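Student: My questions will all concern the structure given below.
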Amino acid sequence: MSTERKPTPEAPEPAVSGPRPGRLTAAAALSALEGLALLAGGVYMLVMGLAGTPDNPRQAETGGITLIVLALLPLLAARGLMKLRRWSRGPAIITQIMALPVAWQLLQADSAAIPAGIVLALVAVASLVLLINPATTEALGIRAPGNVQDQK
């Protein structure tokens with residue numbers, strides 16, 4: 001018995017056999033829009049925490065940094081979707097699922113946050129519909145479970 005490790009072949013990315021579907025481009029655009037909104041909110045909170053007079057500067061700074069870091073997930077997912085990367089669909093779906101409870105909380109507020117909650121809910125649901133569309137999954141090279149092709 002040998003202690004030598006044998007290399008395992010990595011799964012190659014699927015070969016693109018045509019133009020990117022419009023649904024995939026739209027899903028990438030919505031994901032990028034959410035990422036940019038998180039980034040803008042994080043920068044605003046950070047600047048106001050540093051330069052403004054918030055009730056709790058440390059909380060504002062921490063919140064701003066958190067939003068900036070959270071913005072990376074949808075931005076990376078949008079970039080991956082535009083490049084037809086199979087892995088990008090998971091983070092994009094996770095982002096939309098995380099956005100739905102946020103939208104619900106915004107809708108429960110008695111303030112100007114209600115329109116933001118409506119917009120966020122519409123964007124999240126539209127993105128989910130676009131991401132689970134068969135044309136999107138086919139373009140990304142994702143097969144349904146149990147849809148294994150014979151390798152002869």
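Identifiers for the structure tokens are assigned positionally: chains receive A, B, ... in sequence, residues are indexed from 1 per chain, and ligands are indexed from 1 in the order shown.
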Counting only C-alpha atoms, what is within 8 Å of segment 73-81 of chain A, bar same-chain residues fewer than 6 positions away, as a list in words?

Tutor: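 In the requested form, the answer reads Leu24, Thr25, Ala27, Ala28, Ala29, Ser31, Ala32, Glu34, Gly35, Leu36, Trp87, Ser88, Arg89, Pro91, Ala92 and Thr95 of chain A.
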
Student: Would you list the contacts of Leu128 of chain A as a list in words, taking every protein, DNA or RNA residue within 8 Å and counting only C-alpha atoms, but skipping same-chain residues closer than 3 positions in sequence?

Tutor: Ile93, Gln96, Ala124, Val125, Leu131 and Ile132 of chain A

Student: Just the selected residues (C-alpha atoms), exported as a PDB file, in the first residue's frame, please.

Tutor:
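The file below, selection.pdb, is the result:
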ATOM      1  CA  ILE A  93     -29.801  32.167  -5.037  1.00  0.00           C
ATOM      2  CA  GLN A  96     -32.094  36.307  -2.970  1.00  0.00           C
ATOM      3  CA  ALA A 124     -35.559  39.033  -5.012  1.00  0.00           C
ATOM      4  CA  VAL A 125     -38.549  37.133  -6.407  1.00  0.00           C
ATOM      5  CA  LEU A 131     -32.147  31.836 -11.699  1.00  0.00           C
ATOM      6  CA  ILE A 132     -34.264  28.675 -11.612  1.00  0.00           C
TER       7      ILE A 132
END

Student: So which residues touch Ile68 of chain A within 12 Å, counting only C-alpha atoms, skipping near sequence neighbours fewer than 4 positions away, as a PyMOL selection string?

Tutor: chain A and resi 34-47+61-64+72-75

Student: Output all heavy atoms of each residue in that selection to a file, as a compact mmCIF listing (two decimals), in the first residue's frame.

Tutor:
# COMPACT_ATOMS: atom_id res chain seq x y z
N GLU A 34 -28.21 44.63 -6.48
CA GLU A 34 -28.30 44.41 -5.04
C GLU A 34 -26.94 44.60 -4.37
O GLU A 34 -26.84 45.19 -3.29
CB GLU A 34 -28.83 43.02 -4.75
CG GLU A 34 -30.29 42.87 -5.02
CD GLU A 34 -30.77 41.45 -4.82
OE1 GLU A 34 -29.99 40.51 -5.05
OE2 GLU A 34 -31.94 41.30 -4.44
N GLY A 35 -25.90 44.09 -5.02
CA GLY A 35 -24.56 44.25 -4.48
C GLY A 35 -24.15 45.71 -4.40
O GLY A 35 -23.56 46.15 -3.41
N LEU A 36 -24.46 46.46 -5.45
CA LEU A 36 -24.12 47.90 -5.44
C LEU A 36 -24.92 48.65 -4.39
O LEU A 36 -24.40 49.58 -3.76
CB LEU A 36 -24.34 48.49 -6.84
CG LEU A 36 -23.36 48.00 -7.90
CD1 LEU A 36 -23.77 48.54 -9.28
CD2 LEU A 36 -21.94 48.42 -7.57
N ALA A 37 -26.18 48.26 -4.18
CA ALA A 37 -26.99 48.91 -3.15
C ALA A 37 -26.41 48.62 -1.76
O ALA A 37 -26.33 49.53 -0.91
CB ALA A 37 -28.43 48.43 -3.24
N LEU A 38 -25.99 47.38 -1.53
CA LEU A 38 -25.35 47.05 -0.25
C LEU A 38 -24.05 47.82 -0.07
O LEU A 38 -23.76 48.33 1.02
CB LEU A 38 -25.07 45.55 -0.16
CG LEU A 38 -26.24 44.65 0.17
CD1 LEU A 38 -25.86 43.19 -0.03
CD2 LEU A 38 -26.69 44.88 1.60
N LEU A 39 -23.28 47.91 -1.13
CA LEU A 39 -22.01 48.64 -1.07
C LEU A 39 -22.25 50.12 -0.77
O LEU A 39 -21.58 50.71 0.09
CB LEU A 39 -21.25 48.48 -2.39
CG LEU A 39 -19.86 49.08 -2.45
CD1 LEU A 39 -18.93 48.38 -1.48
CD2 LEU A 39 -19.31 48.96 -3.87
N ALA A 40 -23.21 50.72 -1.44
CA ALA A 40 -23.52 52.14 -1.21
C ALA A 40 -24.02 52.37 0.22
O ALA A 40 -23.61 53.33 0.88
CB ALA A 40 -24.57 52.62 -2.22
N GLY A 41 -24.89 51.47 0.70
CA GLY A 41 -25.37 51.59 2.07
C GLY A 41 -24.25 51.43 3.08
O GLY A 41 -24.20 52.15 4.09
N GLY A 42 -23.34 50.50 2.82
CA GLY A 42 -22.21 50.29 3.72
C GLY A 42 -21.27 51.48 3.76
O GLY A 42 -20.81 51.90 4.83
N VAL A 43 -20.98 52.04 2.59
CA VAL A 43 -20.10 53.22 2.53
C VAL A 43 -20.77 54.40 3.24
O VAL A 43 -20.11 55.12 4.01
CB VAL A 43 -19.74 53.56 1.07
CG1 VAL A 43 -19.08 54.92 0.97
CG2 VAL A 43 -18.85 52.49 0.47
N TYR A 44 -22.07 54.56 3.04
CA TYR A 44 -22.79 55.65 3.69
C TYR A 44 -22.73 55.49 5.22
O TYR A 44 -22.43 56.45 5.94
CB TYR A 44 -24.24 55.68 3.22
CG TYR A 44 -25.07 56.71 3.94
CD1 TYR A 44 -24.98 58.06 3.60
CD2 TYR A 44 -25.94 56.35 4.96
CE1 TYR A 44 -25.73 59.01 4.27
CE2 TYR A 44 -26.69 57.28 5.63
CZ TYR A 44 -26.59 58.61 5.29
OH TYR A 44 -27.34 59.55 5.95
N MET A 45 -23.00 54.27 5.70
CA MET A 45 -22.96 54.05 7.15
C MET A 45 -21.56 54.27 7.71
O MET A 45 -21.40 54.85 8.80
CB MET A 45 -23.42 52.63 7.49
CG MET A 45 -24.91 52.43 7.42
SD MET A 45 -25.40 50.75 7.85
CE MET A 45 -25.08 50.74 9.60
N LEU A 46 -20.56 53.82 6.97
CA LEU A 46 -19.19 53.98 7.43
C LEU A 46 -18.79 55.45 7.49
O LEU A 46 -18.20 55.91 8.47
CB LEU A 46 -18.24 53.19 6.52
CG LEU A 46 -16.79 53.07 6.96
CD1 LEU A 46 -16.69 52.38 8.31
CD2 LEU A 46 -16.00 52.29 5.92
N VAL A 47 -19.12 56.19 6.46
CA VAL A 47 -18.78 57.62 6.42
C VAL A 47 -19.53 58.37 7.52
O VAL A 47 -18.94 59.21 8.22
CB VAL A 47 -19.08 58.22 5.03
CG1 VAL A 47 -19.01 59.74 5.05
CG2 VAL A 47 -18.11 57.65 4.00
N GLU A 61 -20.00 52.19 12.36
CA GLU A 61 -18.82 51.75 11.62
C GLU A 61 -18.85 50.24 11.38
O GLU A 61 -18.56 49.77 10.28
CB GLU A 61 -17.55 52.13 12.39
CG GLU A 61 -17.33 53.62 12.47
CD GLU A 61 -16.38 54.04 13.57
OE1 GLU A 61 -15.78 53.15 14.22
OE2 GLU A 61 -16.24 55.25 13.79
N THR A 62 -19.23 49.48 12.40
CA THR A 62 -19.32 48.03 12.25
C THR A 62 -20.40 47.66 11.24
O THR A 62 -20.21 46.77 10.41
CB THR A 62 -19.62 47.38 13.61
OG1 THR A 62 -18.61 47.75 14.54
CG2 THR A 62 -19.67 45.86 13.49
N GLY A 63 -21.53 48.33 11.30
CA GLY A 63 -22.60 48.08 10.33
C GLY A 63 -22.17 48.40 8.91
O GLY A 63 -22.48 47.66 7.97
N GLY A 64 -21.44 49.48 8.75
CA GLY A 64 -20.96 49.86 7.42
C GLY A 64 -19.99 48.84 6.86
O GLY A 64 -20.08 48.44 5.69
N LEU A 72 -20.00 41.79 -1.31
CA LEU A 72 -19.13 40.96 -2.15
C LEU A 72 -19.86 39.74 -2.71
O LEU A 72 -19.61 39.34 -3.84
CB LEU A 72 -17.90 40.52 -1.37
CG LEU A 72 -16.93 41.63 -1.00
CD1 LEU A 72 -15.81 41.07 -0.13
CD2 LEU A 72 -16.36 42.29 -2.24
N LEU A 73 -20.77 39.14 -1.94
CA LEU A 73 -21.45 37.93 -2.38
C LEU A 73 -22.27 38.16 -3.65
O LEU A 73 -22.05 37.47 -4.65
CB LEU A 73 -22.30 37.35 -1.26
CG LEU A 73 -23.01 36.04 -1.56
CD1 LEU A 73 -22.00 34.93 -1.77
CD2 LEU A 73 -23.95 35.68 -0.43
N PRO A 74 -23.19 39.12 -3.68
CA PRO A 74 -23.94 39.31 -4.93
C PRO A 74 -23.09 39.86 -6.07
O PRO A 74 -23.34 39.55 -7.24
CB PRO A 74 -25.06 40.26 -4.55
CG PRO A 74 -24.65 40.91 -3.29
CD PRO A 74 -23.73 39.95 -2.60
N LEU A 75 -22.07 40.65 -5.76
CA LEU A 75 -21.21 41.17 -6.82
C LEU A 75 -20.39 40.06 -7.47
O LEU A 75 -20.26 40.01 -8.71
CB LEU A 75 -20.31 42.28 -6.29
CG LEU A 75 -21.01 43.58 -5.92
CD1 LEU A 75 -20.04 44.55 -5.25
CD2 LEU A 75 -21.64 44.23 -7.14

Student: If I take atom CA of Pro54 of chain A and atom CA of Ala71 of chain A, how far is one from the other in Å, to one decimal?

Tutor: 22.6 Å

Student: Residues of chain A classed as helix (DSSP H, G or I) by DSSP on the backbone are to be reported as a PyMOL selection string.

Tutor: chain A and resi 22-51+57-70+72-82+86-108+113-132+134-139
